[in-house]
file start-v7.cif (mmCIF, C-alpha atoms)
data_entry
loop_
_atom_site.label_atom_id
_atom_site.label_comp_id
_atom_site.auth_asym_id
_atom_site.auth_seq_id
_atom_site.Cartn_x
_atom_site.Cartn_y
_atom_site.Cartn_z
CA MET A 1 264.79 -29.22 125.74
CA LYS A 2 268.25 -29.33 124.15
CA ARG A 3 267.87 -25.66 123.18
CA LEU A 4 266.96 -24.77 126.79
CA ALA A 5 269.93 -26.74 128.12
CA SER A 6 272.19 -24.99 125.64
CA ARG A 7 270.90 -21.59 126.73
CA THR A 8 271.42 -22.51 130.39
CA ALA A 9 274.99 -23.67 129.74
CA ALA A 10 275.71 -20.49 127.82
CA ALA A 11 274.34 -18.41 130.67
CA ILE A 12 276.54 -20.23 133.18
CA ILE A 13 279.61 -19.87 131.02
CA GLY A 14 278.86 -16.18 130.53
CA ALA A 15 278.49 -15.66 134.26
CA LEU A 16 281.79 -17.42 134.92
CA LEU A 17 283.58 -15.35 132.30
CA ALA A 18 282.13 -12.16 133.73
CA ALA A 19 283.26 -13.16 137.21
CA ALA A 20 286.80 -14.09 136.12
CA PRO A 21 288.32 -10.60 136.52
CA LEU A 22 286.81 -10.31 140.01
CA GLY A 23 288.28 -13.66 140.96
CA ALA A 24 291.71 -12.53 139.85
CA GLY A 25 291.33 -9.24 141.72
CA ALA A 26 290.23 -11.02 144.90
CA GLN A 27 293.89 -11.93 145.49
CA GLU A 28 294.46 -8.36 146.66
CA VAL A 29 293.90 -7.86 150.39
CA THR A 30 293.09 -4.54 152.03
CA LEU A 31 294.02 -4.10 155.68
CA ARG A 32 292.31 -1.58 157.95
CA VAL A 33 294.71 0.65 159.87
CA VAL A 34 293.95 2.91 162.83
CA SER A 35 296.14 5.23 164.92
CA ALA A 36 296.02 6.05 168.61
CA PHE A 37 297.44 9.46 167.70
CA ALA A 38 295.89 12.38 165.85
CA GLU A 39 296.38 12.88 162.13
CA ASN A 40 298.41 16.08 162.60
CA THR A 41 301.15 14.34 164.63
CA GLN A 42 304.50 13.44 163.10
CA TYR A 43 303.77 9.79 163.90
CA VAL A 44 300.78 9.73 161.54
CA LYS A 45 302.51 11.83 158.90
CA ASN A 46 305.29 9.24 158.75
CA LEU A 47 302.76 6.42 158.66
CA ASP A 48 300.89 8.11 155.82
CA GLY A 49 304.08 8.18 153.75
CA MET A 50 304.64 4.49 154.37
CA ILE A 51 301.06 3.64 153.38
CA LYS A 52 301.37 5.55 150.12
CA ARG A 53 304.62 3.80 149.23
CA LEU A 54 303.24 0.36 150.09
CA ASN A 55 299.99 0.92 148.21
CA ALA A 56 301.86 2.05 145.11
CA GLU A 57 304.01 -1.07 145.11
CA GLY A 58 301.31 -3.40 146.36
CA LYS A 59 298.61 -2.94 143.71
CA GLY A 60 296.98 -6.29 143.13
CA VAL A 61 298.69 -7.76 146.19
CA LEU A 62 298.17 -5.71 149.36
CA GLN A 63 296.67 -2.33 150.25
CA LEU A 64 296.43 -0.41 153.52
CA ASN A 65 293.32 1.65 154.28
CA PHE A 66 293.91 4.26 156.97
CA ILE A 67 290.68 4.68 158.91
CA GLY A 68 291.84 7.52 161.14
CA GLY A 69 293.06 8.55 164.58
CA PRO A 70 291.26 9.23 167.88
CA LYS A 71 288.21 10.62 166.08
CA ALA A 72 287.71 7.17 164.59
CA MET A 73 288.61 5.22 167.72
CA PRO A 74 289.56 6.23 171.31
CA PRO A 75 293.33 5.79 171.84
CA PHE A 76 293.04 3.35 174.72
CA GLU A 77 290.79 1.05 172.65
CA VAL A 78 293.19 0.56 169.74
CA GLY A 79 295.08 -2.33 171.35
CA ASN A 80 291.95 -4.34 172.05
CA ALA A 81 290.58 -3.54 168.59
CA VAL A 82 293.70 -5.10 167.06
CA ARG A 83 293.55 -8.07 169.42
CA THR A 84 289.95 -8.87 168.50
CA GLY A 85 290.28 -8.10 164.78
CA VAL A 86 288.01 -5.05 164.74
CA VAL A 87 290.92 -3.47 162.87
CA ASP A 88 293.86 -5.24 161.27
CA ILE A 89 296.76 -2.94 162.16
CA GLY A 90 297.12 -0.37 164.91
CA MET A 91 299.72 2.30 165.48
CA SER A 92 299.90 2.74 169.22
CA THR A 93 302.19 2.77 172.21
CA GLY A 94 302.37 -0.25 174.45
CA ALA A 95 301.41 1.97 177.38
CA PHE A 96 297.94 2.31 175.88
CA TYR A 97 297.18 -1.42 176.04
CA THR A 98 298.79 -2.58 179.28
CA ASN A 99 295.27 -3.66 180.30
CA ILE A 100 295.67 -6.47 177.76
CA MET A 101 299.27 -7.38 178.54
CA PRO A 102 301.52 -5.73 181.18
CA GLU A 103 304.63 -6.63 179.19
CA ALA A 104 303.76 -3.87 176.71
CA ASP A 105 304.95 -1.36 179.31
CA ALA A 106 308.52 -2.66 178.96
CA LEU A 107 308.95 -1.15 175.49
CA LYS A 108 309.39 2.35 176.94
CA LEU A 109 312.43 1.08 178.89
CA ALA A 110 314.34 -0.01 175.79
CA GLN A 111 317.89 1.33 175.59
CA VAL A 112 318.80 -0.91 172.63
CA PRO A 113 317.80 0.55 169.21
CA ALA A 114 315.11 -1.33 167.29
CA PRO A 115 317.40 -2.65 164.50
CA ASP A 116 319.69 -4.17 167.15
CA GLN A 117 316.68 -5.79 168.82
CA ARG A 118 316.12 -7.70 165.57
CA LYS A 119 319.65 -9.07 165.87
CA ASN A 120 319.92 -9.94 169.58
CA GLY A 121 316.71 -11.97 169.93
CA ALA A 122 314.57 -9.24 171.50
CA TYR A 123 312.29 -8.96 168.47
CA GLU A 124 311.61 -12.71 168.51
CA LEU A 125 310.86 -12.64 172.24
CA ILE A 126 308.56 -9.64 171.88
CA ASN A 127 306.63 -11.37 169.12
CA ARG A 128 306.35 -14.59 171.12
CA ILE A 129 304.85 -12.66 174.03
CA TRP A 130 302.60 -10.49 171.85
CA ASN A 131 301.33 -13.58 169.98
CA GLU A 132 300.59 -15.41 173.21
CA LYS A 133 299.19 -12.60 175.33
CA ALA A 134 297.43 -10.32 172.85
CA ASN A 135 296.84 -12.22 169.60
CA MET A 136 299.13 -9.68 167.93
CA VAL A 137 302.14 -9.59 165.66
CA TYR A 138 304.64 -6.89 166.56
CA LEU A 139 305.61 -5.42 163.18
CA ALA A 140 307.95 -2.51 163.87
CA ARG A 141 308.88 0.29 166.21
CA VAL A 142 308.36 3.62 164.47
CA ILE A 143 309.88 6.05 166.98
CA ASP A 144 313.20 5.76 168.79
CA PHE A 145 315.95 7.92 170.32
CA THR A 146 313.25 10.07 171.92
CA PRO A 147 313.18 10.62 175.69
CA PHE A 148 310.15 11.60 177.73
CA HIS A 149 310.15 14.76 179.81
CA LEU A 150 308.11 16.26 182.59
CA TYR A 151 306.47 19.53 181.53
CA LEU A 152 305.10 21.92 184.14
CA THR A 153 303.13 25.10 184.67
CA LYS A 154 304.86 25.61 188.04
CA LYS A 155 308.57 25.72 188.86
CA ILE A 156 310.24 23.10 191.03
CA ASP A 157 313.80 23.14 192.38
CA LYS A 158 314.11 19.43 193.16
CA PRO A 159 312.56 16.19 191.88
CA ASP A 160 309.68 16.29 194.32
CA LEU A 161 306.17 16.48 192.87
CA THR A 162 304.32 16.45 196.18
CA GLY A 163 301.22 18.65 195.90
CA LEU A 164 301.28 18.73 192.11
CA LYS A 165 298.62 17.18 189.86
CA ILE A 166 300.25 15.58 186.83
CA ARG A 167 298.53 14.21 183.75
CA ILE A 168 299.83 10.75 182.96
CA THR A 169 299.49 7.72 180.79
CA PRO A 170 300.63 4.35 182.15
CA VAL A 171 304.10 5.20 180.76
CA TYR A 172 305.11 7.31 183.74
CA ARG A 173 302.38 6.68 186.30
CA ASP A 174 304.61 4.74 188.70
CA PHE A 175 307.56 7.11 188.29
CA PHE A 176 305.59 10.30 188.93
CA GLN A 177 303.78 8.69 191.85
CA ALA A 178 307.15 7.70 193.30
CA LEU A 179 308.07 11.40 193.15
CA GLY A 180 304.95 12.27 195.16
CA ALA A 181 302.62 13.48 192.39
CA THR A 182 298.86 13.15 192.33
CA VAL A 183 298.26 11.60 188.92
CA MET A 184 295.38 11.81 186.47
CA GLN A 185 295.07 9.76 183.28
CA THR A 186 293.48 11.37 180.22
CA ALA A 187 293.58 10.94 176.48
CA PRO A 188 296.00 13.30 174.69
CA GLY A 189 293.11 15.31 173.27
CA GLU A 190 292.05 16.40 176.76
CA VAL A 191 295.41 17.74 177.95
CA TYR A 192 295.10 21.31 176.63
CA THR A 193 291.81 21.91 178.43
CA ALA A 194 293.13 20.34 181.63
CA LEU A 195 296.10 22.71 181.58
CA GLU A 196 293.95 25.69 180.67
CA ARG A 197 291.57 25.09 183.57
CA GLY A 198 294.28 24.27 186.07
CA VAL A 199 293.01 20.73 186.49
CA VAL A 200 296.62 19.57 186.14
CA ASP A 201 299.94 21.29 186.85
CA GLY A 202 301.88 19.41 184.23
CA TYR A 203 302.18 16.31 182.10
CA GLY A 204 304.62 13.79 180.73
CA TRP A 205 305.35 13.69 176.99
CA PRO A 206 308.27 13.06 174.63
CA ILE A 207 310.71 15.84 173.82
CA ASN A 208 308.83 16.37 170.55
CA GLY A 209 305.15 16.77 169.82
CA ILE A 210 303.87 19.34 172.30
CA PHE A 211 303.28 21.78 169.42
CA ASP A 212 300.95 19.35 167.63
CA ALA A 213 298.10 20.13 170.02
CA ASN A 214 299.30 23.61 171.09
CA TRP A 215 300.27 22.45 174.59
CA HIS A 216 303.21 24.84 174.44
CA GLU A 217 300.75 27.68 174.97
CA LYS A 218 300.07 26.45 178.51
CA THR A 219 303.53 25.08 179.32
CA LYS A 220 306.14 27.11 181.23
CA TYR A 221 308.84 24.60 182.16
CA ARG A 222 310.52 21.40 180.95
CA VAL A 223 312.46 19.25 183.39
CA ASP A 224 315.78 17.82 182.22
CA PRO A 225 317.11 15.17 181.92
CA GLY A 226 314.68 13.16 179.86
CA PHE A 227 313.96 9.56 180.79
CA TYR A 228 312.75 6.35 179.12
CA ASN A 229 312.41 6.14 175.34
CA ALA A 230 309.17 7.05 173.60
CA GLU A 231 307.71 4.02 171.86
CA VAL A 232 305.13 3.95 169.11
CA SER A 233 304.80 0.73 167.16
CA LEU A 234 302.78 -1.01 164.48
CA VAL A 235 300.97 -4.10 165.74
CA MET A 236 298.78 -6.43 163.72
CA ASN A 237 296.03 -8.95 164.45
CA LEU A 238 297.67 -12.38 164.52
CA ASP A 239 294.83 -14.18 162.76
CA LYS A 240 294.88 -11.66 159.92
CA TRP A 241 298.65 -12.02 159.65
CA LYS A 242 298.32 -15.79 159.34
CA ALA A 243 295.73 -15.34 156.59
CA LEU A 244 298.14 -13.36 154.40
CA THR A 245 300.23 -15.01 151.72
CA GLN A 246 303.99 -15.00 152.10
CA ALA A 247 304.24 -12.36 149.36
CA GLN A 248 301.82 -10.11 151.24
CA ARG A 249 303.70 -10.57 154.52
CA ASP A 250 307.01 -9.83 152.83
CA LEU A 251 305.67 -6.63 151.29
CA LEU A 252 304.20 -5.44 154.59
CA MET A 253 307.39 -6.19 156.52
CA LYS A 254 309.56 -4.58 153.86
CA HIS A 255 307.81 -1.25 154.34
CA ALA A 256 307.42 -1.58 158.13
CA ILE A 257 311.15 -2.25 158.54
CA ALA A 258 312.00 0.63 156.19
CA LEU A 259 309.94 2.97 158.38
CA GLU A 260 311.68 1.60 161.47
CA ALA A 261 315.09 2.04 159.87
CA ASP A 262 314.32 5.75 159.45
CA ASN A 263 314.00 6.23 163.22
CA VAL A 264 317.33 8.01 163.30
CA SER A 265 315.48 10.98 161.74
CA TRP A 266 313.79 11.53 165.12
CA LYS A 267 317.07 12.94 166.44
CA LYS A 268 316.70 15.95 164.14
CA VAL A 269 313.00 16.29 164.99
CA ASN A 270 313.91 16.36 168.68
CA GLU A 271 316.60 18.99 168.20
CA ASP A 272 314.19 21.19 166.27
CA ASP A 273 311.50 20.89 168.94
CA MET A 274 313.94 21.78 171.71
CA LYS A 275 314.83 24.95 169.81
CA ARG A 276 311.14 25.77 169.27
CA GLN A 277 310.41 25.27 172.95
CA ALA A 278 313.15 27.75 173.85
CA GLN A 279 311.86 30.22 171.28
CA VAL A 280 308.35 30.23 172.77
CA GLY A 281 309.71 30.80 176.27
CA ILE A 282 309.59 27.34 177.83
CA GLN A 283 312.28 27.35 180.51
CA VAL A 284 314.44 24.33 181.31
CA ILE A 285 314.68 23.11 184.90
CA THR A 286 317.94 21.25 185.58
CA PHE A 287 319.31 19.62 188.71
CA ASP A 288 322.90 19.21 189.87
CA ALA A 289 324.70 16.19 188.43
CA ALA A 290 324.15 13.88 191.40
CA THR A 291 320.44 14.73 191.69
CA ALA A 292 319.94 14.41 187.94
CA LYS A 293 321.46 10.91 188.00
CA GLN A 294 319.24 9.91 190.92
CA TYR A 295 316.19 11.23 189.04
CA TYR A 296 317.12 9.31 185.88
CA ASP A 297 318.04 6.09 187.67
CA LYS A 298 314.86 6.24 189.75
CA ALA A 299 312.77 6.25 186.58
CA TYR A 300 314.28 2.97 185.38
CA GLU A 301 314.32 1.38 188.82
CA VAL A 302 310.60 2.04 189.23
CA GLY A 303 309.82 1.13 185.62
CA TRP A 304 311.49 -2.26 185.60
CA ALA A 305 310.22 -3.11 189.08
CA ALA A 306 306.65 -2.60 187.86
CA VAL A 307 307.17 -4.68 184.71
CA ILE A 308 308.81 -7.57 186.54
CA LYS A 309 306.17 -7.55 189.27
CA ALA A 310 303.40 -7.68 186.66
CA SER A 311 305.21 -10.26 184.51
CA PRO A 312 307.68 -12.34 186.54
CA GLN A 313 307.94 -14.77 183.63
CA TYR A 314 308.84 -12.37 180.82
CA GLY A 315 309.91 -9.16 182.59
CA PRO A 316 313.46 -10.32 183.43
CA GLN A 317 313.93 -11.70 179.91
CA LEU A 318 312.89 -8.42 178.34
CA LYS A 319 315.16 -6.46 180.67
CA GLN A 320 318.14 -8.61 179.69
CA LEU A 321 317.60 -8.02 175.97
CA ILE A 322 316.46 -4.39 175.67
CA SER A 323 318.26 -2.57 178.52
CA ARG A 324 321.90 -1.68 179.02
#

call {"tool": "encode", "arguments": {"input": "start-v7.cif", "output": "structure tokens"}}
result
Amino acid sequence: MKRLASRTAAAIIGALLAAAPLGAGAQEVTLRVVSAFAENTQYVKNLDGMIKRLNAEGKGVLQLNFIGGPKAMPPFEVGNAVRTGVVDIGMSTGAFYTNIMPEADALKLAQVPAPDQRKNGAYELINRIWNEKANMVYLARVIDFTPFHLYLTKKIDKPDLTGLKIRITPVYRDFFQALGATVMQTAPGEVYTALERGVVDGYGWPINGIFDANWHEKTKYRVDPGFYNAEVSLVMNLDKWKALTQAQRDLLMKHAIALEADNVSWKKVNEDDMKRQAQVGIQVITFDAATAKQYYDKAYEVGWAAVIKASPQYGPQLKQLISR
């Protein structure tokens, strides 16, 4: 009996010793990351660089596993997937999850750079709202200094879109409708075909990125000036965030803020894309100074009116902190 007990004890001790390395390794956490944008976009290329840097530094502590873009998950489902914990981190634009929280639409109206939002209280307010409304932590904004534009297959001589069918996301739905357009919402991956078949006469998109999906092949005009400020951000499931250790949170935020701090690089990207658009024959439609100002001001008037109507509690607070 003693011999049997001894063998049993030895077996238990052996099992514990064998499991010891796994127990130590279990400290490392791997977070699942998904993007609302395709892998060939500059957004994802920048994210990929951040993930590689974090994973190299975070061995044994924290790792990020990039699952993929729209082929892995439809763009308009990313926000809810983060909210419910289906994925841990999403790279998306607030316009893609306004069905969860209307306040997300305010991010496009920001005229204060992201680093300054961390200083003036905007970042804290955004996180309070995102925590409360969407079970999310707002990690960082990863595009800035990038206006949206209206791109067309037909020429216009004034800011009147009556009779034109324009592809939209929630970003510019209200603005283009205010200009008289008939609007149609589609995922980015469907835009080329819609242009090719004449289903739409144009679309809204930032100054950069139309070459990623070859939209330039079906685009004849760009309307200046640009309006709003393209927003793509990293958001994280709040419950997963709370489950991280302080060291893991610090590492994640270190790399998220570093990516955000590099947003100034978008200015060069935008300049290069403007040159490329001219080279492929995309013509620029401009208005006289007074009309251009009315066009620009109308965009913000309509944008903020929609946000404040949808969120009378937080809309005015956001406007005070992120607009000028």

call {"tool": "closest_residue", "arguments": {"input": "start-v7.cif", "among": "A:Ser311, A:Leu31, A:Gly69, A:Asn46", "to": "Gly85 (chain A)", "atoms": "only C-alpha atoms"}}
result
A:Leu31

call {"tool": "residues_near_point", "arguments": {"input": "start-v7.cif", "point": "(315.1, -4.7, 168.1)", "cutoff": "9 Å", "atoms": "all atoms listed in the file", "output": "ChimeraX atom specification"}}
result
/A:112-124,140-141,321-322

call {"tool": "write_last_selection", "arguments": {"input": "start-v7.cif", "atoms": "C-alpha atoms", "output": "tab-separated table (two decimals), keeping the file's coordinate frame"}}
result
chain	number	residue	atom	x	y	z
A	112	VAL	CA	318.80	-0.91	172.63
A	113	PRO	CA	317.80	0.55	169.21
A	114	ALA	CA	315.11	-1.33	167.29
A	115	PRO	CA	317.40	-2.65	164.50
A	116	ASP	CA	319.69	-4.17	167.15
A	117	GLN	CA	316.68	-5.79	168.82
A	118	ARG	CA	316.12	-7.70	165.57
A	119	LYS	CA	319.65	-9.07	165.87
A	120	ASN	CA	319.92	-9.94	169.58
A	121	GLY	CA	316.71	-11.97	169.93
A	122	ALA	CA	314.57	-9.24	171.50
A	123	TYR	CA	312.29	-8.96	168.47
A	124	GLU	CA	311.61	-12.71	168.51
A	140	ALA	CA	307.95	-2.51	163.87
A	141	ARG	CA	308.88	0.29	166.21
A	321	LEU	CA	317.60	-8.02	175.97
A	322	ILE	CA	316.46	-4.39	175.67

call {"tool": "resolve_selection", "arguments": {"input": "start-v7.cif", "expression": "the PyMOL selection byres ((chain A and resi 180) around 7)", "output": "list in words"}}
result
Asp160, Leu161, Thr162, Phe176, Gln177, Ala178, Leu179, Ala181 and Thr182 of chain A

call {"tool": "resolve_selection", "arguments": {"input": "start-v7.cif", "expression": "the PyMOL selection byres ((chain A and resi 61) around 10)", "output": "short mmCIF file (atom, residue, chain, number, x, y, z; two decimals) with C-alpha atoms, keeping the file's coordinate frame"}}
result
data_model
loop_
_atom_site.label_atom_id
_atom_site.label_comp_id
_atom_site.auth_asym_id
_atom_site.auth_seq_id
_atom_site.Cartn_x
_atom_site.Cartn_y
_atom_site.Cartn_z
CA GLY A 25 291.33 -9.24 141.72
CA ALA A 26 290.23 -11.02 144.90
CA GLN A 27 293.89 -11.93 145.49
CA GLU A 28 294.46 -8.36 146.66
CA VAL A 29 293.90 -7.86 150.39
CA THR A 30 293.09 -4.54 152.03
CA ASN A 55 299.99 0.92 148.21
CA GLU A 57 304.01 -1.07 145.11
CA GLY A 58 301.31 -3.40 146.36
CA LYS A 59 298.61 -2.94 143.71
CA GLY A 60 296.98 -6.29 143.13
CA LEU A 62 298.17 -5.71 149.36
CA GLN A 63 296.67 -2.33 150.25
CA LEU A 244 298.14 -13.36 154.40
CA THR A 245 300.23 -15.01 151.72
CA ALA A 247 304.24 -12.36 149.36
CA GLN A 248 301.82 -10.11 151.24
CA LEU A 251 305.67 -6.63 151.29
#

call {"tool": "closest_residue", "arguments": {"input": "start-v7.cif", "among": "A:Gly281, A:Ala106, A:Arg53, A:Arg222", "to": "Ala310 (chain A)", "atoms": "only C-alpha atoms"}}
result
A:Ala106

call {"tool": "closest_residue", "arguments": {"input": "start-v7.cif", "among": "A:Leu234, A:Leu54, A:Val78, A:Val183", "to": "Glu260 (chain A)", "atoms": "all atoms listed in the file"}}
result
A:Leu234

call {"tool": "closest_residue", "arguments": {"input": "start-v7.cif", "among": "A:Trp205, A:Phe145, A:Phe287, A:Trp215", "to": "Asn229 (chain A)", "atoms": "only C-alpha atoms"}}
result
A:Phe145

call {"tool": "decode", "arguments": {"input": "start-v7.cif", "residues": "region 138-157 of chain A", "atoms": "N, CA and C atoms", "output": "PDB file, in the first residue's frame"}}
result
ATOM      1  N   TYR A 138     -11.692  53.017 -26.088  1.00  0.00           N
ATOM      2  CA  TYR A 138     -11.182  53.702 -27.273  1.00  0.00           C
ATOM      3  C   TYR A 138      -9.672  53.839 -27.098  1.00  0.00           C
ATOM      4  N   LEU A 139      -8.913  53.081 -27.881  1.00  0.00           N
ATOM      5  CA  LEU A 139      -7.462  53.027 -27.693  1.00  0.00           C
ATOM      6  C   LEU A 139      -6.737  54.187 -28.360  1.00  0.00           C
ATOM      7  N   ALA A 140      -6.961  54.364 -29.670  1.00  0.00           N
ATOM      8  CA  ALA A 140      -6.204  55.388 -30.391  1.00  0.00           C
ATOM      9  C   ALA A 140      -6.821  55.646 -31.749  1.00  0.00           C
ATOM     10  N   ARG A 141      -6.613  56.857 -32.211  1.00  0.00           N
ATOM     11  CA  ARG A 141      -7.012  57.240 -33.568  1.00  0.00           C
ATOM     12  C   ARG A 141      -5.800  57.054 -34.473  1.00  0.00           C
ATOM     13  N   VAL A 142      -5.975  56.315 -35.570  1.00  0.00           N
ATOM     14  CA  VAL A 142      -4.808  55.956 -36.378  1.00  0.00           C
ATOM     15  C   VAL A 142      -4.824  56.574 -37.775  1.00  0.00           C
ATOM     16  N   ILE A 143      -5.679  57.563 -37.976  1.00  0.00           N
ATOM     17  CA  ILE A 143      -5.602  58.412 -39.172  1.00  0.00           C
ATOM     18  C   ILE A 143      -6.098  59.789 -38.779  1.00  0.00           C
ATOM     19  N   ASP A 144      -5.441  60.816 -39.303  1.00  0.00           N
ATOM     20  CA  ASP A 144      -5.788  62.194 -38.971  1.00  0.00           C
ATOM     21  C   ASP A 144      -5.337  63.073 -40.136  1.00  0.00           C
ATOM     22  N   PHE A 145      -5.702  64.337 -40.092  1.00  0.00           N
ATOM     23  CA  PHE A 145      -5.276  65.309 -41.114  1.00  0.00           C
ATOM     24  C   PHE A 145      -5.685  64.880 -42.525  1.00  0.00           C
ATOM     25  N   THR A 146      -6.829  64.203 -42.625  1.00  0.00           N
ATOM     26  CA  THR A 146      -7.221  63.598 -43.906  1.00  0.00           C
ATOM     27  C   THR A 146      -8.674  63.901 -44.229  1.00  0.00           C
ATOM     28  N   PRO A 147      -8.922  64.879 -45.098  1.00  0.00           N
ATOM     29  CA  PRO A 147     -10.311  65.229 -45.416  1.00  0.00           C
ATOM     30  C   PRO A 147     -10.976  64.204 -46.328  1.00  0.00           C
ATOM     31  N   PHE A 148     -12.307  64.191 -46.273  1.00  0.00           N
ATOM     32  CA  PHE A 148     -13.098  63.437 -47.232  1.00  0.00           C
ATOM     33  C   PHE A 148     -13.341  64.300 -48.463  1.00  0.00           C
ATOM     34  N   HIS A 149     -13.628  63.624 -49.575  1.00  0.00           N
ATOM     35  CA  HIS A 149     -13.986  64.330 -50.800  1.00  0.00           C
ATOM     36  C   HIS A 149     -15.147  63.609 -51.475  1.00  0.00           C
ATOM     37  N   LEU A 150     -15.811  64.330 -52.313  1.00  0.00           N
ATOM     38  CA  LEU A 150     -16.822  63.753 -53.193  1.00  0.00           C
ATOM     39  C   LEU A 150     -16.155  63.454 -54.528  1.00  0.00           C
ATOM     40  N   TYR A 151     -16.255  62.196 -54.959  1.00  0.00           N
ATOM     41  CA  TYR A 151     -15.707  61.766 -56.251  1.00  0.00           C
ATOM     42  C   TYR A 151     -16.873  61.437 -57.174  1.00  0.00           C
ATOM     43  N   LEU A 152     -16.741  61.822 -58.452  1.00  0.00           N
ATOM     44  CA  LEU A 152     -17.863  61.697 -59.376  1.00  0.00           C
ATOM     45  C   LEU A 152     -17.458  61.118 -60.729  1.00  0.00           C
ATOM     46  N   THR A 153     -18.445  60.547 -61.395  1.00  0.00           N
ATOM     47  CA  THR A 153     -18.272  60.139 -62.790  1.00  0.00           C
ATOM     48  C   THR A 153     -18.883  61.168 -63.730  1.00  0.00           C
ATOM     49  N   LYS A 154     -19.614  62.130 -63.169  1.00  0.00           N
ATOM     50  CA  LYS A 154     -20.255  63.193 -63.954  1.00  0.00           C
ATOM     51  C   LYS A 154     -19.862  64.555 -63.387  1.00  0.00           C
ATOM     52  N   LYS A 155     -19.744  65.540 -64.250  1.00  0.00           N
ATOM     53  CA  LYS A 155     -19.311  66.872 -63.829  1.00  0.00           C
ATOM     54  C   LYS A 155     -20.480  67.670 -63.261  1.00  0.00           C
ATOM     55  N   ILE A 156     -20.200  68.428 -62.209  1.00  0.00           N
ATOM     56  CA  ILE A 156     -21.172  69.375 -61.678  1.00  0.00           C
ATOM     57  C   ILE A 156     -20.514  70.754 -61.636  1.00  0.00           C
ATOM     58  N   ASP A 157     -21.330  71.812 -61.688  1.00  0.00           N
ATOM     59  CA  ASP A 157     -20.763  73.161 -61.651  1.00  0.00           C
ATOM     60  C   ASP A 157     -21.182  73.927 -60.404  1.00  0.00           C
TER      61      ASP A 157
END
